[in-house]
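Encoded as structure tokens, the structure appears first; notes follow it.
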Amino acid sequence: MPDDARAKRLDAIDLKILAALQRDGRMTKLKLADAVGLSPSPAHERVKRLEAAGYITGYRALIDVDRLVALSLVFVEVTLSRHAAEDFSRFEAAVRARPEILSCYALGGGVDYMLLIAAGDIAGYQRLVDALLAEDLGIERYFTYIVTKPVKVQDGWPLEALLPKGAGKR
């Protein structure tokens with residue numbers, strides 16, 4: 001489906017609702033209605049419609065993990081030795097099974113995957129890598145990049161910047 005067609009199903013108020021809830025998923029119906037220029041009942045009905053249509057997939061709490069535990073973040077480039085579909089599937093299944101692997105992106109170019117891993121310390125990261133290597137997932141090589149300081153961490157999507165100009169107009 002073309003990008004413009006995705007956004008055209010929603011009007012400007014729907015997009016405002018999505019942006020507002022992304023900033024604060026616990027805002028009251030009244031606060032949401034004020035933010036998007038509707039009365040509470042129609043705003044709530046739109047939220048229910050957006051949920052039913054799959055635009056809103058859930059709500060969650062953002063946890064300040066630094067207050068709970070020491071944390072090391074590590075980016076890892078991974079290249080597999082073989083590039084058959086079953087090799088990718090096996091690797092991806094192993095990644096999904098590891099909660100320490102926060103994200104994994106398949107890439108085009110010279111690297112097959114980019115992982116973001118959370119570990120209690122660098123030794124914990126190395127234990128995870130050793131376990132992945134022991135699983136014989138076809139990892140040919142990997143490169144480790146230790147995060148020294150998070151500069152920007154994005155919690156949500158920049159809807160206004162991603163949507164085509166005029167998207168959501170009816």
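Identifiers in this document derive from the order of the structure tokens: chains are assigned A, B, ..., residues are numbered from 1 separately in each chain, and ligands are numbered from 1 in order of occurrence.
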| request: Mind checking which residues fall within 12 Å of Gln154 of chain A, counting only C-alpha atoms, ignoring those fewer than 5 positions away in the same chain, and posting them as a list of chain:residue names? | output: A:Gln22, A:Arg23, A:Leu62
| Can you tell me, as an NGL selection string, what residues are no more than 12 Å from Arg90 of chain A when counting only C-alpha atoms, ignoring any on the same chain fewer than 6 positions away? | :A and (80 or 82-84 or 96-97 or 132 or 135-139)
| said: Applying 12 Å and only C-alpha atoms, which residues near Gly109 of chain A remain after dropping the ones on its own chain fewer than 5 positions away? List them as a ChimeraX atom specification. | reply: /A:77-79,114
| task | Please provide the set of residues having any atom within 12 Å of Lys149 of chain A, restricted to only C-alpha atoms, with same-chain residues fewer than 6 positions apart removed, written as a ChimeraX atom specification. | result | /A:71-74
| request: Select from chain A everything DSSP, run on the backbone, classes as alpha helix (DSSP H), then give the selection as a ChimeraX atom specification. | output: /A:3-8,12-23,29-36,40-52,85-96,122-134,159-162
